[in-house]
Amino acid sequence: MIDKKLKFNSDGKFIIMQVSDAQDLQFVRHTMIRMLNKAYDTVCPDLVVFTGDNILGNHLRDARFGSKHVIHTKEEEYERMKTAISHICRPLEKRRIPFTMIYGNHDDVNEITKEEQADIYRSYSMCIGLDNPDKSVDVDTFDLPVYSSDGVNKVFNLWMIDSAWYDKKENKCHEAVKKETVDWYIKRSNELKEENGGEILPSLMFQHIPMPESTALLIDCEKDDPLAVPFFRKGEKERYVKLDPEKAEGFLNEPITPCEENYGQLEALKKQGDVKAVVYGHDHTNNFIGEHDGITIIQSSAASFRCYGNRLRGVRVFELNEDTPEEISTYFLTYDDLGGSSLPGRLAYIWDADGCGKQKAALIAGTAAGTALASAAAYYIRRKKNG
């Protein structure tokens, strides 16, 4: 049975891998699974954190191709969900790597409740967390302490924060870190501080959707700026933005899409002072690190091959040190970093990744042309032999 207590290793290290927006179905894209497996075997993380949109929950009833519904009951949908979740959990179960998770906006847009989904994750022996006794918050809102290598003292803390929920009666997805969640964080943060002799416990906070203040990392720019990204909706005045180089570095390939409502999360983080960085997913092609109002903001790009993305598909790694827990090192491993730059890797990427429609068409056309040419050549040789 797994020891549910996370601890620094004997060398004083603790490695976390973030997998965001795996966002797949029961018919999984195997290129993503191969990429994740390579990442696990390369990095050997002590904990994997799935930061939302772990499955494409709003398409569980669809046919293998297209969006026509081919199942019509909650029971059938539940079985499909179990299969979709198994694709990302079984590799960790096999490797005996602990994992935890939060939900994103795509996870529960279906008939299965968050608690019922949590039961699926909890059925895996390597799943930890999802055990907050405070029922005022969502099941995926909790904290995970990381203990010293001897298992005696709490050295670091991991916050898992829910930022989206689907109202099944209104048929609407809400995107916000609720007031109840912010209140719970403040209360729990104070408890940890008291337990730690009045000293704050350094921590990372994981959630799916960015805080509203994350857009402060952007500055307006001209449309012809090579880094420009459109940042307006239909009917709004045309506007283009890019990352403010004085506040952030990395890649902005689409607008930051933050929580719709603001219940004071950033102010709470500033007041408590324990969170060293807030880590997001959600925006599939964005990957950057910035700082706003004293809070480090980390955006990780998607792992999914079924949904939109680019060559930044991959995983993020965090390295913690027991002696200096306030200092967090992080880097991102892309598909190419994990072996996808070879010819077979590039072909697999084109075949499996959505957003590669033109490349797929060219590949199919090229294959068909090659087959036709080979057939014509064989026919010509046979004719020559037959006189």
# chains A, B, ... in the order shown; residues from 1 in each chain; ligands from 1
>>> residues_around(residues="Val278 in chain A", least_positions_apart="2", cutoff="8 Å", atoms="only C-alpha atoms", output="list of chain:residue names")
A:Leu204, A:Met205, A:Phe206, A:Gln207, A:Val275, A:Lys276, A:Tyr280, A:Ile295, A:Thr296, A:Ile297, A:Ile298
>>> write_last_selection(atoms="C-alpha atoms", output="compact mmCIF listing (two decimals), in the first residue's frame")
# COMPACT_ATOMS: atom_id res chain seq x y z
CA LEU A 204 3.06 26.17 -4.85
CA MET A 205 -0.57 26.68 -5.89
CA PHE A 206 -2.02 24.71 -8.81
CA GLN A 207 -5.26 25.61 -10.56
CA VAL A 275 2.57 30.90 -2.13
CA LYS A 276 5.75 31.30 -4.16
CA TYR A 280 -1.96 27.20 -14.54
CA ILE A 295 3.33 36.83 -7.18
CA THR A 296 5.06 34.55 -9.70
CA ILE A 297 2.71 33.31 -12.42
CA ILE A 298 3.55 30.15 -14.37
>>> residues_around(residues="range 264-271 of chain A", least_positions_apart="3", cutoff="12 Å", atoms="only C-alpha atoms", output="VMD selection string")
chain A and resid 159 161 163 176 to 190 200 202 to 205 207 210 to 214 259 261 274 to 278 292 to 297
>>> write_last_selection(atoms="N, CA and C atoms", output="compact mmCIF listing (two decimals), in the first residue's frame")
# COMPACT_ATOMS: atom_id res chain seq x y z
N TRP A 159 -0.91 23.49 -2.90
CA TRP A 159 -2.33 23.85 -2.90
C TRP A 159 -2.97 23.39 -4.20
N ILE A 161 -6.44 23.88 -6.20
CA ILE A 161 -7.54 24.83 -6.15
C ILE A 161 -8.49 24.63 -7.34
N SER A 163 -11.17 25.77 -10.03
CA SER A 163 -11.44 27.06 -10.68
C SER A 163 -12.55 26.99 -11.72
N ALA A 176 -14.33 30.37 -12.13
CA ALA A 176 -13.93 31.27 -11.05
C ALA A 176 -13.39 30.45 -9.90
N VAL A 177 -12.50 31.07 -9.13
CA VAL A 177 -12.13 30.52 -7.83
C VAL A 177 -13.11 31.13 -6.84
N LYS A 178 -14.00 30.31 -6.31
CA LYS A 178 -15.11 30.79 -5.50
C LYS A 178 -14.64 31.50 -4.23
N LYS A 179 -15.52 32.34 -3.70
CA LYS A 179 -15.23 33.01 -2.43
C LYS A 179 -14.99 31.99 -1.32
N GLU A 180 -15.80 30.92 -1.30
CA GLU A 180 -15.62 29.87 -0.30
C GLU A 180 -14.23 29.25 -0.39
N THR A 181 -13.72 29.14 -1.61
CA THR A 181 -12.39 28.57 -1.81
C THR A 181 -11.31 29.51 -1.29
N VAL A 182 -11.44 30.80 -1.56
CA VAL A 182 -10.48 31.78 -1.06
C VAL A 182 -10.50 31.80 0.46
N ASP A 183 -11.70 31.77 1.05
CA ASP A 183 -11.82 31.77 2.51
C ASP A 183 -11.17 30.52 3.10
N TRP A 184 -11.39 29.38 2.45
CA TRP A 184 -10.77 28.14 2.93
C TRP A 184 -9.26 28.22 2.88
N TYR A 185 -8.72 28.76 1.78
CA TYR A 185 -7.27 28.89 1.66
C TYR A 185 -6.70 29.73 2.80
N ILE A 186 -7.31 30.86 3.09
CA ILE A 186 -6.82 31.74 4.17
C ILE A 186 -6.84 30.99 5.51
N LYS A 187 -7.94 30.31 5.78
CA LYS A 187 -8.07 29.57 7.03
C LYS A 187 -7.01 28.48 7.13
N ARG A 188 -6.86 27.70 6.08
CA ARG A 188 -5.90 26.58 6.10
C ARG A 188 -4.46 27.09 6.15
N SER A 189 -4.18 28.18 5.44
CA SER A 189 -2.85 28.78 5.46
C SER A 189 -2.47 29.22 6.88
N ASN A 190 -3.43 29.80 7.58
CA ASN A 190 -3.18 30.23 8.97
C ASN A 190 -2.94 29.03 9.88
N ILE A 200 5.59 30.89 7.98
CA ILE A 200 4.82 30.44 6.83
C ILE A 200 5.46 29.20 6.22
N PRO A 202 6.40 27.56 2.84
CA PRO A 202 6.51 27.87 1.40
C PRO A 202 5.67 26.89 0.58
N SER A 203 5.08 27.39 -0.51
CA SER A 203 4.16 26.53 -1.24
C SER A 203 4.03 26.92 -2.71
N LEU A 204 3.49 25.97 -3.47
CA LEU A 204 3.06 26.17 -4.85
C LEU A 204 1.54 26.02 -4.88
N MET A 205 0.88 26.80 -5.73
CA MET A 205 -0.57 26.68 -5.89
C MET A 205 -0.87 26.28 -7.33
N GLN A 207 -3.86 25.50 -10.15
CA GLN A 207 -5.26 25.61 -10.56
C GLN A 207 -5.32 25.59 -12.07
N PRO A 210 -6.36 30.72 -15.21
CA PRO A 210 -5.57 31.82 -14.65
C PRO A 210 -6.39 32.80 -13.82
N MET A 211 -5.73 33.41 -12.84
CA MET A 211 -6.35 34.51 -12.10
C MET A 211 -6.61 35.68 -13.05
N PRO A 212 -7.65 36.49 -12.80
CA PRO A 212 -7.93 37.64 -13.67
C PRO A 212 -6.74 38.59 -13.82
N GLU A 213 -5.95 38.74 -12.75
CA GLU A 213 -4.81 39.68 -12.80
C GLU A 213 -3.68 39.21 -13.70
N SER A 214 -3.76 37.98 -14.21
CA SER A 214 -2.70 37.48 -15.09
C SER A 214 -2.56 38.30 -16.36
N CYS A 259 -10.20 33.59 -15.20
CA CYS A 259 -11.49 33.38 -14.53
C CYS A 259 -12.42 34.55 -14.83
N GLU A 261 -14.88 35.65 -12.90
CA GLU A 261 -15.19 36.43 -11.71
C GLU A 261 -13.99 36.45 -10.77
N ASP A 274 2.61 32.91 1.60
CA ASP A 274 3.23 31.58 1.56
C ASP A 274 3.39 31.03 0.15
N VAL A 275 2.54 31.45 -0.78
CA VAL A 275 2.57 30.90 -2.13
C VAL A 275 3.67 31.58 -2.95
N LYS A 276 4.63 30.77 -3.38
CA LYS A 276 5.75 31.30 -4.16
C LYS A 276 5.40 31.44 -5.64
N ALA A 277 4.47 30.63 -6.12
CA ALA A 277 4.05 30.73 -7.52
C ALA A 277 2.69 30.09 -7.68
N VAL A 278 1.88 30.65 -8.60
CA VAL A 278 0.60 30.06 -8.99
C VAL A 278 0.78 29.46 -10.38
N HIS A 292 3.64 39.42 -11.13
CA HIS A 292 2.74 40.56 -10.98
C HIS A 292 2.43 40.77 -9.51
N ASP A 293 2.67 41.97 -9.04
CA ASP A 293 2.33 42.33 -7.65
C ASP A 293 2.99 41.38 -6.65
N GLY A 294 4.21 40.96 -6.96
CA GLY A 294 4.96 40.10 -6.05
C GLY A 294 4.63 38.63 -6.13
N ILE A 295 3.72 38.24 -7.03
CA ILE A 295 3.33 36.83 -7.18
C ILE A 295 3.85 36.31 -8.51
N THR A 296 4.58 35.19 -8.47
CA THR A 296 5.06 34.55 -9.70
C THR A 296 3.91 33.78 -10.35
N ILE A 297 3.76 33.96 -11.65
CA ILE A 297 2.71 33.31 -12.42
C ILE A 297 3.36 32.41 -13.46
>>> select_by_dssp(residues="range 123-345 of chain A", states="strand (DSSP E or B)", output="ChimeraX atom specification")
/A:127,142-147,154-161,164-167,172-175,203-207,218-221,229-230,240-243,248-251,275-280,287-292,295-299,314-321,329-334
>>> atom_distance(atom1="CA of Lys74 in chain A", atom2="CA of Asn110 in chain A")
8.6 Å
>>> residues_around(residues="Lys223 in chain A", least_positions_apart="2", cutoff="6 Å", atoms="only C-alpha atoms", output="PyMOL selection string")
chain A and resi 225+228+240
>>> write_last_selection(atoms="C-alpha atoms", output="mmCIF file, in the first residue's frame")
data_model
loop_
_atom_site.group_PDB
_atom_site.id
_atom_site.type_symbol
_atom_site.label_atom_id
_atom_site.label_comp_id
_atom_site.auth_asym_id
_atom_site.auth_seq_id
_atom_site.Cartn_x
_atom_site.Cartn_y
_atom_site.Cartn_z
ATOM 1 C CA ASP A 225 4.593 43.114 -34.281
ATOM 2 C CA ALA A 228 1.375 40.212 -31.544
ATOM 3 C CA TYR A 240 -3.203 43.326 -30.088
#
>>> closest_residue(among="A:Gln18, A:Asn262, A:Ser148, A:Thr257", to="Glu319 in chain A", atoms="only C-alpha atoms")
A:Gln18
>>> select_by_dssp(residues="range 293-347 of chain A", states="helix (DSSP H, G or I)", output="VMD selection string")
chain A and resid 336 to 340 343 to 347
>>> atom_distance(atom1="CA of Thr42 in chain A", atom2="CA of Thr324 in chain A")
24.3 Å
>>> closest_residue(among="A:Ala84, A:Val155, A:Ile128, A:Ile15", to="Lys193 in chain A", atoms="only C-alpha atoms")
A:Val155
>>> atom_distance(atom1="CA of Tyr103 in chain A", atom2="CA of Phe142 in chain A")
12.2 Å
>>> closest_residue(among="A:Lys154, A:Arg122, A:Lys169, A:His69", to="Asn196 in chain A", atoms="only C-alpha atoms")
A:Lys154
>>> closest_residue(among="A:Asp131, A:Glu170, A:Asp162, A:Glu322", to="Val109 in chain A", atoms="only C-alpha atoms")
A:Glu170
